[in-house]
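File shown: upload_0.csv. Contents: CSV, C-alpha atoms and all ligand atoms.
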chain,number,residue,atom,x,y,z
A,266,MET,CA,-10.7,17.9,7.9
A,267,THR,CA,-11.3,14.2,7.3
A,268,GLY,CA,-9.5,12.2,4.6
A,269,PHE,CA,-11.9,10.9,2.0
A,270,LEU,CA,-9.9,7.7,1.6
A,271,GLU,CA,-10.1,7.1,5.4
A,272,GLN,CA,-13.9,6.6,5.2
A,273,THR,CA,-15.4,3.1,5.0
A,274,PRO,CA,-17.8,2.4,2.1
A,275,GLY,CA,-20.6,2.3,4.7
A,276,GLN,CA,-19.6,5.8,6.1
A,277,LEU,CA,-19.6,7.3,2.6
A,278,GLN,CA,-22.9,5.7,1.7
A,279,THR,CA,-24.4,7.2,4.9
A,280,TRP,CA,-22.9,10.6,4.1
A,281,PHE,CA,-24.5,10.7,0.7
A,282,ALA,CA,-27.8,9.2,1.9
A,283,ASP,CA,-28.1,11.8,4.7
A,284,ARG,CA,-27.9,14.5,2.1
A,285,GLY,CA,-30.5,12.9,-0.1
A,286,LEU,CA,-28.0,12.2,-2.8
A,287,PRO,CA,-28.5,9.2,-5.1
A,288,GLU,CA,-26.1,6.3,-4.9
A,289,TYR,CA,-24.6,7.0,-8.3
A,290,ARG,CA,-23.1,10.2,-7.0
A,291,LEU,CA,-20.8,8.3,-4.7
A,292,ARG,CA,-19.9,6.0,-7.6
A,293,GLN,CA,-19.0,9.0,-9.7
A,294,VAL,CA,-16.7,10.4,-7.0
A,295,ARG,CA,-14.9,7.1,-6.5
A,296,GLN,CA,-14.5,6.8,-10.3
A,297,TRP,CA,-13.0,10.2,-10.5
A,298,LEU,CA,-10.6,9.5,-7.7
A,299,LEU,CA,-9.6,5.9,-8.4
A,300,GLN,CA,-9.9,5.6,-12.1
A,301,ARG,CA,-9.9,9.1,-13.6
A,302,ARG,CA,-7.0,10.3,-11.4
A,303,ALA,CA,-8.6,13.4,-10.0
A,304,GLU,CA,-6.5,15.4,-7.5
A,305,SER,CA,-9.4,17.6,-6.3
A,306,PHE,CA,-13.2,17.6,-6.0
A,307,GLU,CA,-13.2,20.6,-8.3
A,308,GLN,CA,-12.0,18.5,-11.2
A,309,MET,CA,-15.1,16.2,-10.9
A,310,THR,CA,-16.9,18.3,-13.5
A,311,ASP,CA,-20.0,16.0,-13.9
A,312,LEU,CA,-20.9,16.6,-10.2
A,313,PRO,CA,-23.1,19.5,-9.4
A,314,LYS,CA,-21.0,22.5,-8.2
A,315,PRO,CA,-22.7,22.7,-4.8
A,316,LEU,CA,-21.9,19.0,-4.1
A,317,ARG,CA,-18.2,19.6,-5.1
A,318,SER,CA,-18.0,22.5,-2.7
A,319,GLN,CA,-19.7,20.5,0.1
A,320,LEU,CA,-17.3,17.6,-0.4
A,321,ALA,CA,-14.3,20.0,-0.4
A,322,GLU,CA,-15.5,21.6,2.8
A,323,GLU,CA,-15.7,18.3,4.6
A,324,PHE,CA,-13.1,16.1,3.1
A,325,SER,CA,-9.5,16.3,1.9
A,326,LEU,CA,-9.1,14.2,-1.2
A,327,LEU,CA,-5.4,13.5,-0.9
A,328,THR,CA,-3.6,14.2,2.3
A,329,SER,CA,0.1,13.6,1.5
A,330,ARG,CA,2.6,16.0,-0.1
A,331,ILE,CA,5.3,14.8,-2.5
A,332,ALA,CA,8.5,15.6,-0.7
A,333,ALA,CA,10.8,14.0,-3.3
A,334,HIS,CA,10.4,12.4,-6.7
A,335,ARG,CA,13.3,10.4,-8.2
A,336,LYS,CA,13.4,8.9,-11.7
A,337,SER,CA,15.8,6.2,-12.9
A,338,GLU,CA,16.9,5.5,-16.5
A,339,ASP,CA,15.2,2.1,-16.4
A,340,GLY,CA,11.8,3.8,-15.9
A,341,THR,CA,11.5,3.3,-12.2
A,342,GLU,CA,10.1,6.3,-10.2
A,343,LYS,CA,10.2,6.7,-6.5
A,344,LEU,CA,8.1,9.0,-4.4
A,345,LEU,CA,8.9,10.2,-0.9
A,346,LEU,CA,5.5,11.2,0.5
A,347,GLU,CA,5.1,13.4,3.5
A,348,LEU,CA,2.0,12.5,5.5
A,349,ALA,CA,-0.3,14.9,7.4
A,350,ASP,CA,1.6,14.4,10.6
A,351,GLY,CA,5.0,15.1,8.9
A,352,GLN,CA,6.1,11.4,8.8
A,353,ARG,CA,7.6,10.3,5.5
A,354,ILE,CA,7.1,7.1,3.6
A,355,GLU,CA,8.3,5.7,0.3
A,356,CYS,CA,6.5,4.1,-2.7
A,357,VAL,CA,7.8,3.0,-6.1
A,358,LEU,CA,6.5,2.7,-9.7
A,359,LEU,CA,8.3,0.0,-11.7
A,360,ARG,CA,8.0,-0.4,-15.5
A,361,ASP,CA,9.1,-3.4,-17.4
A,362,ASP,CA,9.3,-4.4,-21.1
A,363,LYS,CA,6.2,-6.7,-20.7
A,364,GLN,CA,4.1,-3.5,-20.2
A,365,HIS,CA,3.7,-4.3,-16.6
A,366,ARG,CA,3.2,-1.2,-14.4
A,367,THR,CA,3.8,-2.3,-10.9
A,368,VAL,CA,3.6,-0.2,-7.7
A,369,CYS,CA,5.5,-1.1,-4.5
A,370,ILE,CA,3.8,0.4,-1.4
A,371,SER,CA,4.5,0.8,2.3
A,372,THR,CA,2.3,-0.2,5.2
A,373,GLN,CA,4.1,1.3,8.2
A,374,VAL,CA,6.4,4.3,9.0
A,375,GLY,CA,9.6,2.5,9.7
A,376,CYS,CA,9.5,-1.2,10.7
A,377,ALA,CA,9.9,-3.2,13.9
A,378,MET,CA,11.2,-6.4,12.2
A,379,GLY,CA,14.8,-5.3,12.3
A,380,CYS,CA,16.1,-7.2,9.2
A,381,VAL,CA,19.8,-6.4,9.5
A,382,PHE,CA,20.2,-5.6,5.8
A,383,CYS,CA,17.3,-3.2,5.5
A,384,ALA,CA,17.3,0.6,5.7
A,385,SER,CA,13.6,0.8,6.8
A,386,GLY,CA,14.2,-1.1,10.0
A,387,LEU,CA,17.2,0.9,11.1
A,388,ASP,CA,15.2,3.3,13.3
A,389,GLY,CA,12.5,0.9,14.3
A,390,LEU,CA,8.7,1.3,14.0
A,391,VAL,CA,7.1,4.7,14.2
A,392,ARG,CA,3.5,3.9,13.5
A,393,ASN,CA,1.1,1.9,11.3
A,394,LEU,CA,-0.2,3.6,8.2
A,395,THR,CA,-4.0,4.1,7.8
A,396,ARG,CA,-6.1,2.6,5.1
A,397,GLY,CA,-6.2,5.9,3.3
A,398,GLU,CA,-2.4,6.4,3.5
A,399,ILE,CA,-1.8,3.0,2.0
A,400,LEU,CA,-4.3,3.5,-0.9
A,401,GLU,CA,-3.0,7.1,-1.5
A,402,GLN,CA,0.4,5.8,-2.5
A,403,VAL,CA,-1.2,3.8,-5.3
A,404,LEU,CA,-3.1,6.8,-6.5
A,405,ARG,CA,0.0,9.1,-6.4
A,406,LEU,CA,2.0,6.6,-8.4
A,407,GLN,CA,-0.9,6.0,-10.9
A,408,GLN,CA,-0.8,9.8,-11.5
A,409,LEU,CA,2.7,9.3,-12.9
A,410,LEU,CA,1.5,7.1,-15.7
A,411,ASP,CA,0.6,8.4,-19.2
A,412,PRO,CA,-3.2,8.7,-19.4
A,413,GLU,CA,-3.7,5.7,-21.6
A,414,GLN,CA,-1.6,3.4,-19.3
A,415,ARG,CA,-3.0,1.4,-16.3
A,416,LEU,CA,-1.4,-0.1,-13.3
A,417,SER,CA,-1.2,-3.9,-13.6
A,418,HIS,CA,0.4,-5.2,-10.4
A,419,VAL,CA,0.7,-4.2,-6.7
A,420,VAL,CA,3.5,-5.4,-4.4
A,421,VAL,CA,3.1,-4.7,-0.7
A,422,MET,CA,6.8,-4.8,-0.1
A,423,GLY,CA,7.9,-1.3,0.9
A,424,MET,CA,8.5,0.0,4.4
A,425,GLY,CA,7.0,-2.0,7.2
A,426,GLU,CA,5.6,-5.5,7.8
A,427,PRO,CA,2.3,-5.7,6.0
A,428,LEU,CA,0.9,-8.5,8.1
A,429,ALA,CA,1.4,-6.4,11.2
A,430,ASN,CA,-1.1,-3.9,9.8
A,431,LEU,CA,-3.7,-6.1,8.2
A,432,ASP,CA,-6.6,-4.1,9.6
A,433,ALA,CA,-5.6,-1.1,7.4
A,434,LEU,CA,-4.1,-3.1,4.5
A,435,LEU,CA,-7.2,-5.2,3.8
A,436,PRO,CA,-9.7,-2.3,3.2
A,437,ALA,CA,-7.1,-0.6,1.1
A,438,LEU,CA,-6.7,-3.7,-1.0
A,439,ASP,CA,-10.5,-4.0,-1.3
A,440,ALA,CA,-10.5,-0.6,-3.1
A,441,ILE,CA,-7.6,-1.7,-5.3
A,442,THR,CA,-9.3,-4.9,-6.4
A,443,ASP,CA,-12.9,-3.6,-6.5
A,444,ALA,CA,-14.2,-3.4,-10.1
A,445,ASP,CA,-15.5,0.1,-9.2
A,446,GLY,CA,-12.2,0.9,-7.8
A,447,LEU,CA,-8.8,0.2,-9.5
A,448,GLY,CA,-10.0,-3.2,-10.7
A,449,ILE,CA,-6.6,-4.9,-10.2
A,450,SER,CA,-7.1,-8.7,-9.7
A,451,ALA,CA,-6.1,-10.1,-6.3
A,452,ARG,CA,-3.9,-12.5,-8.3
A,453,ARG,CA,-1.7,-9.6,-9.3
A,454,ILE,CA,-1.2,-8.4,-5.8
A,455,THR,CA,1.7,-9.7,-3.8
A,456,ILE,CA,1.9,-9.3,0.0
A,457,SER,CA,5.4,-9.8,1.4
A,458,THR,CA,6.0,-10.8,5.0
A,459,VAL,CA,8.8,-12.0,7.3
A,460,GLY,CA,6.3,-14.7,8.3
A,461,LEU,CA,3.8,-14.0,11.0
A,462,PRO,CA,1.9,-17.4,11.2
A,463,ALA,CA,-1.3,-16.1,12.8
A,464,ALA,CA,-1.7,-13.4,10.2
A,465,ILE,CA,-0.8,-15.7,7.4
A,466,ARG,CA,-3.7,-18.0,8.5
A,467,ARG,CA,-6.0,-15.0,8.9
A,468,LEU,CA,-5.2,-14.1,5.3
A,469,ALA,CA,-5.7,-17.8,4.2
A,470,GLU,CA,-9.2,-17.9,5.8
A,471,LEU,CA,-10.2,-14.8,3.8
A,472,ASN,CA,-9.4,-16.9,0.7
A,473,CYS,CA,-8.8,-13.7,-1.3
A,474,HIS,CA,-6.1,-15.2,-3.5
A,475,TYR,CA,-3.4,-12.6,-2.9
A,476,HIS,CA,0.1,-13.9,-3.7
A,477,LEU,CA,2.1,-14.4,-0.6
A,478,ALA,CA,5.9,-13.8,-0.5
A,479,ILE,CA,7.7,-14.9,2.7
A,480,SER,CA,11.1,-13.5,3.4
A,481,LEU,CA,13.2,-16.4,4.5
A,482,HIS,CA,16.8,-15.2,3.9
A,483,ALA,CA,18.4,-18.2,5.7
A,484,PRO,CA,17.9,-22.0,5.7
A,485,ASP,CA,18.2,-22.5,9.4
A,486,ASP,CA,16.9,-20.8,12.6
A,487,ARG,CA,20.3,-19.9,13.9
A,488,LEU,CA,21.4,-17.9,10.8
A,489,ARG,CA,17.9,-16.6,10.3
A,490,SER,CA,17.7,-15.1,13.8
A,491,GLN,CA,20.9,-13.2,13.1
A,492,LEU,CA,19.5,-11.8,9.8
A,493,VAL,CA,15.8,-11.4,10.8
A,494,PRO,CA,15.9,-11.0,14.6
A,495,SER,CA,12.1,-10.6,14.9
A,496,GLY,CA,11.8,-14.1,13.5
A,497,SER,CA,13.9,-15.8,16.2
A,498,LYS,CA,10.9,-16.7,18.4
A,499,VAL,CA,8.9,-18.2,15.6
A,500,GLY,CA,11.2,-20.6,13.8
A,501,ILE,CA,11.3,-21.6,10.1
A,502,ALA,CA,9.3,-24.8,10.6
A,503,THR,CA,6.3,-22.9,12.0
A,504,ILE,CA,6.5,-20.3,9.2
A,505,LEU,CA,6.6,-23.1,6.6
A,506,ALA,CA,3.6,-24.8,8.2
A,507,ALA,CA,1.6,-21.6,7.9
A,508,ALA,CA,2.8,-21.2,4.3
A,509,ASP,CA,1.5,-24.8,3.6
A,510,ASP,CA,-1.9,-23.8,5.1
A,511,TYR,CA,-2.0,-20.8,2.8
A,512,PHE,CA,-1.4,-22.9,-0.2
A,513,THR,CA,-4.0,-25.4,0.9
A,514,ALA,CA,-6.6,-22.7,1.4
A,515,THR,CA,-6.0,-20.6,-1.7
A,516,GLY,CA,-4.2,-22.9,-4.2
A,517,ARG,CA,-1.6,-20.2,-4.6
A,518,ARG,CA,2.0,-21.1,-4.7
A,519,VAL,CA,4.0,-19.3,-2.1
A,520,THR,CA,7.2,-17.4,-3.0
A,521,PHE,CA,10.2,-17.4,-0.7
A,522,GLU,CA,12.4,-14.4,-0.8
A,523,TYR,CA,16.1,-14.9,-0.2
A,524,VAL,CA,18.3,-11.8,-0.1
A,525,LEU,CA,21.8,-13.0,-0.9
A,526,LEU,CA,24.5,-11.4,1.4
A,527,ALA,CA,28.1,-12.0,0.4
A,528,GLY,CA,29.9,-14.4,2.8
A,529,LEU,CA,26.8,-14.8,5.1
A,530,ASN,CA,24.1,-16.8,3.6
A,531,ASP,CA,25.3,-17.4,0.0
A,532,ARG,CA,27.4,-20.6,0.4
A,533,PRO,CA,26.7,-23.9,-1.4
A,534,GLU,CA,25.7,-25.5,1.9
A,535,HIS,CA,23.1,-22.8,2.5
A,536,ALA,CA,21.6,-23.5,-1.0
A,537,ARG,CA,21.6,-27.3,-0.3
A,538,ARG,CA,19.8,-26.8,3.1
A,539,LEU,CA,17.3,-24.4,1.5
A,540,ALA,CA,16.5,-27.0,-1.1
A,541,GLU,CA,16.0,-29.6,1.6
A,542,LEU,CA,13.6,-27.3,3.4
A,543,LEU,CA,11.5,-26.7,0.4
A,544,ARG,CA,11.6,-30.3,-1.0
A,545,GLY,CA,8.0,-31.4,-2.0
A,546,ARG,CA,6.6,-27.9,-1.5
A,547,PRO,CA,5.0,-26.0,-4.5
A,548,ALA,CA,7.3,-23.0,-3.9
A,549,LEU,CA,9.2,-20.5,-5.9
A,550,VAL,CA,12.4,-19.0,-4.5
A,551,ASN,CA,13.3,-15.4,-5.5
A,552,VAL,CA,17.0,-15.0,-5.0
A,553,ILE,CA,17.8,-11.3,-4.6
A,554,PRO,CA,21.5,-10.2,-4.7
A,555,PHE,CA,21.8,-7.6,-1.9
A,556,ASN,CA,21.6,-4.0,-3.0
A,557,PRO,CA,24.2,-2.1,-1.0
A,558,VAL,CA,22.8,0.4,1.6
A,559,PRO,CA,24.9,3.2,3.0
A,560,ASP,CA,25.6,2.6,6.8
A,561,LEU,CA,25.3,-1.1,6.5
A,562,PRO,CA,28.3,-3.5,6.3
A,563,TYR,CA,26.9,-6.0,3.8
A,564,ARG,CA,28.1,-6.7,0.3
A,565,THR,CA,26.6,-8.0,-3.0
A,566,PRO,CA,27.8,-11.5,-3.8
A,567,ALA,CA,29.9,-12.1,-6.9
A,568,ALA,CA,27.8,-13.1,-10.0
A,569,ALA,CA,29.5,-16.5,-10.0
A,570,VAL,CA,28.5,-17.1,-6.3
A,571,THR,CA,24.9,-16.1,-7.1
A,572,GLY,CA,24.9,-18.4,-10.2
A,573,GLN,CA,26.2,-21.4,-8.2
A,574,PHE,CA,23.6,-20.8,-5.5
A,575,VAL,CA,20.8,-20.8,-8.1
A,576,GLU,CA,22.2,-23.8,-9.9
A,577,ILE,CA,22.2,-25.9,-6.7
A,578,LEU,CA,18.6,-25.1,-6.1
A,579,GLU,CA,17.6,-25.8,-9.6
A,580,GLN,CA,19.4,-29.2,-9.6
A,581,ALA,CA,17.5,-30.1,-6.5
A,582,GLY,CA,14.2,-29.4,-8.4
A,583,VAL,CA,13.4,-26.0,-6.7
A,584,ASN,CA,11.8,-23.3,-8.9
A,585,VAL,CA,14.0,-20.3,-8.7
A,586,LYS,CA,14.4,-16.8,-10.1
A,587,ILE,CA,17.0,-14.2,-9.7
A,588,ARG,CA,15.6,-10.8,-9.0
A,589,TYR,CA,17.7,-7.7,-9.4
A,590,ARG,CA,16.5,-4.5,-7.7
A,591,LYS,CA,15.5,-1.9,-10.2
A,592,GLY,CA,16.3,1.8,-9.9
A,593,GLU,CA,19.5,1.4,-8.0
A,594,ARG,CA,20.5,5.0,-8.7
A,595,ILE,CA,17.4,6.4,-7.0
A,596,ASP,CA,17.9,4.6,-3.7
A,597,ALA,CA,15.2,2.1,-4.7
A,598,ALA,CA,15.9,-0.4,-2.0
A,599,CYS,CA,13.3,-0.4,0.8
A,600,GLY,CA,13.8,2.6,3.1
A,601,GLN,CA,16.8,4.1,1.3
A,602,LEU,CA,15.3,7.3,-0.1
A,603,ARG,CA,13.6,8.2,3.2
A,604,ARG,CA,16.9,7.6,5.0
A,605,SER,CA,19.0,9.5,2.5
A,606,GLU,CA,16.5,12.5,2.8
A,607,VAL,CA,16.8,12.3,6.5
A,608,THR,CA,20.6,12.3,6.5
A,609,GLN,CA,21.1,14.8,3.6
A,610,GLY,CA,18.2,17.1,4.5
A,611,SER,CA,14.9,17.6,2.7
A,612,PRO,CA,14.7,19.4,-0.7
B,701,LIG,S1,13.0,-6.0,5.1
B,701,LIG,FE1,10.8,-5.5,5.4
B,701,LIG,S2,10.3,-6.6,7.3
B,701,LIG,FE2,12.5,-6.4,7.2
B,701,LIG,S3,13.0,-4.5,8.4
B,701,LIG,FE3,12.8,-4.0,6.2
B,701,LIG,S4,10.7,-3.3,5.9
B,701,LIG,FE4,10.8,-4.5,7.8

Any chance you could put this one into structure tokens?
Ligand code: SF4
Amino acid sequence: MTGFLEQTPGQLQTWFADRGLPEYRLRQVRQWLLQRRAESFEQMTDLPKPLRSQLAEEFSLLTSRIAAHRKSEDGTEKLLLELADGQRIECVLLRDDKQHRTVCISTQVGCAMGCVFCASGLDGLVRNLTRGEILEQVLRLQQLLDPEQRLSHVVVMGMGEPLANLDALLPALDAITDADGLGISARRITISTVGLPAAIRRLAELNCHYHLAISLHAPDDRLRSQLVPSGSKVGIATILAAADDYFTATGRRVTFEYVLLAGLNDRPEHARRLAELLRGRPALVNVIPFNPVPDLPYRTPAAAVTGQFVEILEQAGVNVKIRYRKGERIDAACGQLRRSEVTQGSP
């Protein structure tokens, strides 16, 4: 059976037109699925029963199974989804006191980028996710909200390198931003990347105003190639040039992510060199104290070290925020739940 979410808008229009169905029927199905949180065609009660049966015979509405669901006291919820081929991916719902309801979604099973501090990259890349598998994570997480609540933000920051799977990600984001879909503004969508210059420029040319976050993690190429091995061939200067082009094309300030690893990239000289790199750029730095991952030897820096790092950046005129990972007790760091389920066995 075909996944309904895998169909392009054109394919669905053709399917409905071939059966002599008016266009508004397709709109109704999309509204049920994307806005009214239906989990089956049977629930779409304002569609004629024969149409519901026909749709159910031909398409599966959702194709994943919830293999694990963890909740944290801070309101964070994490799902481990099992896909039709048995592969598993993670996605997270984050709540904050500003009434933001943010989802963090994955774009690949595993990851080829090999960032040394990340659980997702430990076993390498298995495969790209499809457009439907990317979108389905958002729908599964939306179903966790109370009926009167809506999702406000999307961050594409889970397992995988999003810009290595743009062909599937972009149509999924179209459905998320579409007024007839989830209606979330592109300005509230963040795409995180280790920095693939060609793909950053492709995104810039689309001029779709997504917020771009580039994972830098080091202020020089030598240290960065140790922490983000996949970036060793590209070089920070090339990535910053692509980021500049993104800002020029979209007017959107780029965020640079910097995971702070005790004793490795957290010294005052690292902060000074980072400030030097970003001088004159309309950038924001997110400093993220490392969230410990079992099997990895890295440590969280002391609060005073983090404070000093941030202070040096601020004194140099760099916009900076400290971000703490939410949901620490539910393995909320990227790839941790999938890995702990693999090593402890599935429920
Ligand atoms: S941090 Fe992101 S890009 Fe790096 S290995 Fe993990 S999932 Fe891949």

(request) For CA of Asp531 (chain A) and CA of Gln491 (chain A), determine how far apart the two atoms are, in Å to one decimal place. (result)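 Straight-line distance from CA of Asp531 (chain A) to CA of Gln491 (chain A) works out to 14.4 Å.
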
Please identify every residue of chain A that has at least one atom no farther than 10 Å from an atom of ligand LIG 701 (chain B), counting only C-alpha atoms and all ligand atoms, and for each give the shortest atom pair and the distance in Å to one decimal, arranged by chain then increasing number, as JSON lines.
{"residue": "A:Ser371", "atom": "CA", "partner": "B:LIG701", "partner_atom": "S4", "distance": 8.3}
{"residue": "A:Thr372", "atom": "CA", "partner": "B:LIG701", "partner_atom": "S4", "distance": 9.0}
{"residue": "A:Gln373", "atom": "CA", "partner": "B:LIG701", "partner_atom": "S4", "distance": 8.4}
{"residue": "A:Val374", "atom": "CA", "partner": "B:LIG701", "partner_atom": "S4", "distance": 9.3}
{"residue": "A:Gly375", "atom": "CA", "partner": "B:LIG701", "partner_atom": "S4", "distance": 7.0}
{"residue": "A:Cys376", "atom": "CA", "partner": "B:LIG701", "partner_atom": "FE4", "distance": 4.6}
{"residue": "A:Ala377", "atom": "CA", "partner": "B:LIG701", "partner_atom": "FE4", "distance": 6.3}
{"residue": "A:Met378", "atom": "CA", "partner": "B:LIG701", "partner_atom": "S3", "distance": 4.6}
{"residue": "A:Gly379", "atom": "CA", "partner": "B:LIG701", "partner_atom": "S3", "distance": 4.4}
{"residue": "A:Cys380", "atom": "CA", "partner": "B:LIG701", "partner_atom": "S3", "distance": 4.2}
{"residue": "A:Val381", "atom": "CA", "partner": "B:LIG701", "partner_atom": "S3", "distance": 7.1}
{"residue": "A:Phe382", "atom": "CA", "partner": "B:LIG701", "partner_atom": "S1", "distance": 7.2}
{"residue": "A:Cys383", "atom": "CA", "partner": "B:LIG701", "partner_atom": "FE3", "distance": 4.6}
{"residue": "A:Ala384", "atom": "CA", "partner": "B:LIG701", "partner_atom": "FE3", "distance": 6.5}
{"residue": "A:Ser385", "atom": "CA", "partner": "B:LIG701", "partner_atom": "FE3", "distance": 4.9}
{"residue": "A:Gly386", "atom": "CA", "partner": "B:LIG701", "partner_atom": "S3", "distance": 3.9}
{"residue": "A:Leu387", "atom": "CA", "partner": "B:LIG701", "partner_atom": "S3", "distance": 7.4}
{"residue": "A:Asp388", "atom": "CA", "partner": "B:LIG701", "partner_atom": "S3", "distance": 9.5}
{"residue": "A:Gly389", "atom": "CA", "partner": "B:LIG701", "partner_atom": "S3", "distance": 8.0}
{"residue": "A:Leu390", "atom": "CA", "partner": "B:LIG701", "partner_atom": "FE4", "distance": 8.7}
{"residue": "A:Val421", "atom": "CA", "partner": "B:LIG701", "partner_atom": "FE1", "distance": 9.9}
{"residue": "A:Met422", "atom": "CA", "partner": "B:LIG701", "partner_atom": "FE1", "distance": 6.8}
{"residue": "A:Gly423", "atom": "CA", "partner": "B:LIG701", "partner_atom": "S4", "distance": 6.1}
{"residue": "A:Met424", "atom": "CA", "partner": "B:LIG701", "partner_atom": "S4", "distance": 4.2}
{"residue": "A:Gly425", "atom": "CA", "partner": "B:LIG701", "partner_atom": "S4", "distance": 4.1}
{"residue": "A:Glu426", "atom": "CA", "partner": "B:LIG701", "partner_atom": "S2", "distance": 4.9}
{"residue": "A:Pro427", "atom": "CA", "partner": "B:LIG701", "partner_atom": "S2", "distance": 8.2}
{"residue": "A:Leu428", "atom": "CA", "partner": "B:LIG701", "partner_atom": "S2", "distance": 9.6}
{"residue": "A:Ala429", "atom": "CA", "partner": "B:LIG701", "partner_atom": "S2", "distance": 9.7}
{"residue": "A:Ser457", "atom": "CA", "partner": "B:LIG701", "partner_atom": "FE1", "distance": 8.0}
{"residue": "A:Thr458", "atom": "CA", "partner": "B:LIG701", "partner_atom": "S2", "distance": 6.4}
{"residue": "A:Val459", "atom": "CA", "partner": "B:LIG701", "partner_atom": "S2", "distance": 5.6}
{"residue": "A:Gly460", "atom": "CA", "partner": "B:LIG701", "partner_atom": "S2", "distance": 9.1}
{"residue": "A:Ile479", "atom": "CA", "partner": "B:LIG701", "partner_atom": "S2", "distance": 9.8}
{"residue": "A:Ser480", "atom": "CA", "partner": "B:LIG701", "partner_atom": "S1", "distance": 7.9}
{"residue": "A:Leu492", "atom": "CA", "partner": "B:LIG701", "partner_atom": "FE2", "distance": 9.2}
{"residue": "A:Val493", "atom": "CA", "partner": "B:LIG701", "partner_atom": "FE2", "distance": 7.0}
{"residue": "A:Pro494", "atom": "CA", "partner": "B:LIG701", "partner_atom": "FE2", "distance": 9.4}
{"residue": "A:Ser495", "atom": "CA", "partner": "B:LIG701", "partner_atom": "S2", "distance": 8.8}
{"residue": "A:Gly496", "atom": "CA", "partner": "B:LIG701", "partner_atom": "S2", "distance": 9.8}
{"residue": "A:Val524", "atom": "CA", "partner": "B:LIG701", "partner_atom": "S1", "distance": 9.4}
{"residue": "A:Ala598", "atom": "CA", "partner": "B:LIG701", "partner_atom": "FE3", "distance": 9.5}
{"residue": "A:Cys599", "atom": "CA", "partner": "B:LIG701", "partner_atom": "S4", "distance": 6.4}
{"residue": "A:Gly600", "atom": "CA", "partner": "B:LIG701", "partner_atom": "S4", "distance": 7.2}

(message) Report as number ranges by chain all protein, DNA and RNA residues lying within 9 Å of Leu326 (chain A), evaluated on all atoms listed in the file, omitting residues in the same chain fewer than 4 positions from it.
(response) A: 267-270, 298, 303-306, 320-321

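CA of Asp560 (chain A) is positioned 27.0 Å from CA of Gly572 (chain A).
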
(message) Here is a test: counting all atoms listed in the file, which residue of A:Glu541, A:Phe555, A:Leu345, A:Gly397 is nearest to Gln580 (chain A)?
(response)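 Result for the nearest residue to Gln580 (chain A): A:Glu541.
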